[in-house]
Amino acid sequence: MPLPLDGITVVAVEQAVSAPFATRQLADLGARVVKVERPEGGDFARAYDTSVHGLASHFVWANRGKESIALDLKDERGREILEQLVAGADVFVQNLAQGAAARLGLDAAALCARHPRLVAVDVSGYGPEGPYAHKRAYDMLVQCEAGLVSVTGTPEQPVKAGVPAADIAAAMYAFSGVLAALLRRGITGRGGPVEVSMFDALAEWMGHPLYFGMYGGEPPARTALAHAVIAPYDAYPTADGPLVLLSVQNDREWRRLAEQVLERPELGRDPDFATNVARTGNRAKTDAAVAEALAGLTADEAIGRLERAGIACARLNGVAELAAHPQLSARDRWREVTSPAGPLRTLLPPITLPGSEASMGGVPGLGEHTDALLRALGMTDAQITALRRDGVVA
């Protein structure tokens, strides 16, 4: 089976995480993605760190499967080249600083007016209008503005999410927005603008605590690994050290936990524990009963006993354990891609389409495809040399 986006061309003036991660999803599904970067240094995410054999981990993660062209968009000749690329594209994505795209004539509304079949995506921090429209929007700052940090952490200390949640949220809505707009174009023949902001995306993800707080009178408490309204639902130490997490979702499960794991069946009937409302009201006593039982078991013993009892459980893994996770190996989720630093292991994308496999292209070097793309536009070697000499391309 062909990949669903075979034949779709995407041009992206993108940087950091939100837009690049969105366009990587499109590349995974077969789209040709042309990444436009600055000649001097390119996407600044290339310089975030050097942990992947000298390459930046964010960049490697969000940019496989793309072609890189380095253009100076402040130069008229660079903008003319970009316009030619866009003229042959189905999708355009940008996440420049608010107002920068409009100054270059690259905002979604302007592009769609010139190219009616184009799907043009503006990814921003806070949206195109309102008092925050021109506010700098980095992931941690948006996590704070959207309230995510207020519900994450311990009662004493709020913390940001350990992954760029605002960037990822915006990326996935931009990705799905492109798919929806392409579907509409297939019906109407017209593309159109798509707007996604990091703040709006993360505000949507805050739905549970938002409604809980608006209608319940106060927001859910920060409870670290515990759950604000379910008990027991936490991590507990075991005899050999590792933490084991478990979750009891209803009172039937609690009775099984009490009988088969805690080996204290009387707790299943005790009014202080018999219902979830009672257990959350007596959280300290509930957690103490569970902790006492698991402290006498190794992690493997605890997991085995919980699974036999049909209680949801997990290990508290780190990134090393994730990289070696048996589930990823058993399902053959690892692939190898090329990069300027040599071959790299990478995971298949989460969307599986039986009968076809995701396009797993390499991580591009800065300007790696500049010459090939310019030649495809009809330029001669002499013209390309002149542009390179003047710093318009790299």
# chains A, B, ... in the order shown; residues from 1 in each chain; ligands from 1

$ residues_around --residues "Pro39 in chain A" --least-positions-apart "4" --cutoff "7 Å" --atoms "only C-alpha atoms" --output "list in words"
Ala70, Leu71, Asp72, Val393 and Ala394 of chain A

$ write_last_selection --atoms "N, CA, C and O atoms" --output "short mmCIF file (atom, residue, chain, number, x, y, z; two decimals), in the first residue's frame"
data_model
loop_
_atom_site.label_atom_id
_atom_site.label_comp_id
_atom_site.auth_asym_id
_atom_site.auth_seq_id
_atom_site.Cartn_x
_atom_site.Cartn_y
_atom_site.Cartn_z
N ALA A 70 19.12 26.02 2.43
CA ALA A 70 19.48 27.19 3.22
C ALA A 70 19.30 28.43 2.36
O ALA A 70 19.99 28.61 1.35
N LEU A 71 18.35 29.31 2.76
CA LEU A 71 18.00 30.51 2.00
C LEU A 71 18.02 31.73 2.91
O LEU A 71 17.50 31.68 4.03
N ASP A 72 18.54 32.83 2.40
CA ASP A 72 18.44 34.11 3.10
C ASP A 72 17.15 34.78 2.66
O ASP A 72 17.06 35.32 1.55
N VAL A 393 22.26 31.64 -0.61
CA VAL A 393 22.02 30.23 -0.31
C VAL A 393 23.26 29.65 0.33
O VAL A 393 24.35 30.20 0.26
N ALA A 394 23.08 28.50 0.94
CA ALA A 394 24.21 27.78 1.53
C ALA A 394 23.92 26.29 1.44
O ALA A 394 22.78 25.87 1.23
#

$ closest_atom_pairs --of "range 163-248 of chain A" --to "range 87-106 of chain A" --cutoff "9 Å" --atoms "only C-alpha atoms" --output "JSON lines"
{"residue": "A:Ala174", "atom": "CA", "partner": "A:Val93", "partner_atom": "CA", "distance": 8.7}
{"residue": "A:Val178", "atom": "CA", "partner": "A:Val91", "partner_atom": "CA", "distance": 7.6}
{"residue": "A:Leu182", "atom": "CA", "partner": "A:Asp90", "partner_atom": "CA", "distance": 8.4}
{"residue": "A:Gly191", "atom": "CA", "partner": "A:Asp90", "partner_atom": "CA", "distance": 8.3}

$ write_last_selection --atoms "N, CA, C and O atoms" --output "mmCIF file, in the first residue's frame"
data_model
loop_
_atom_site.group_PDB
_atom_site.id
_atom_site.type_symbol
_atom_site.label_atom_id
_atom_site.label_comp_id
_atom_site.auth_asym_id
_atom_site.auth_seq_id
_atom_site.Cartn_x
_atom_site.Cartn_y
_atom_site.Cartn_z
ATOM 1 N N ALA A 174 -1.342 20.998 14.565
ATOM 2 C CA ALA A 174 -0.979 21.452 13.223
ATOM 3 C C ALA A 174 -0.995 20.285 12.244
ATOM 4 O O ALA A 174 -1.494 20.402 11.112
ATOM 5 N N VAL A 178 -3.558 20.011 9.098
ATOM 6 C CA VAL A 178 -3.158 19.827 7.700
ATOM 7 C C VAL A 178 -3.945 18.690 7.064
ATOM 8 O O VAL A 178 -4.453 18.813 5.933
ATOM 9 N N LEU A 182 -6.383 19.128 3.876
ATOM 10 C CA LEU A 182 -6.172 18.390 2.631
ATOM 11 C C LEU A 182 -7.413 17.596 2.245
ATOM 12 O O LEU A 182 -7.760 17.496 1.054
ATOM 13 N N GLY A 191 -7.525 25.000 -0.802
ATOM 14 C CA GLY A 191 -6.815 24.762 0.448
ATOM 15 C C GLY A 191 -7.332 25.680 1.531
ATOM 16 O O GLY A 191 -8.475 25.599 1.946
#

$ select_by_dssp --residues "range 276-373 of chain A" --states "alpha helix (DSSP H)" --output "ChimeraX atom specification"
/A:276-281,283-295,299-308,319-323,326-330,370-373

$ atom_distance --atom1 "CA of Ser359 in chain A" --atom2 "CA of Gly65 in chain A"
7.1 Å

$ select_by_dssp --residues "range 158-262 of chain A" --states "strand (DSSP E)" --output "MDAnalysis selection string"
chainID A and resid 192:197 233:237 243:247
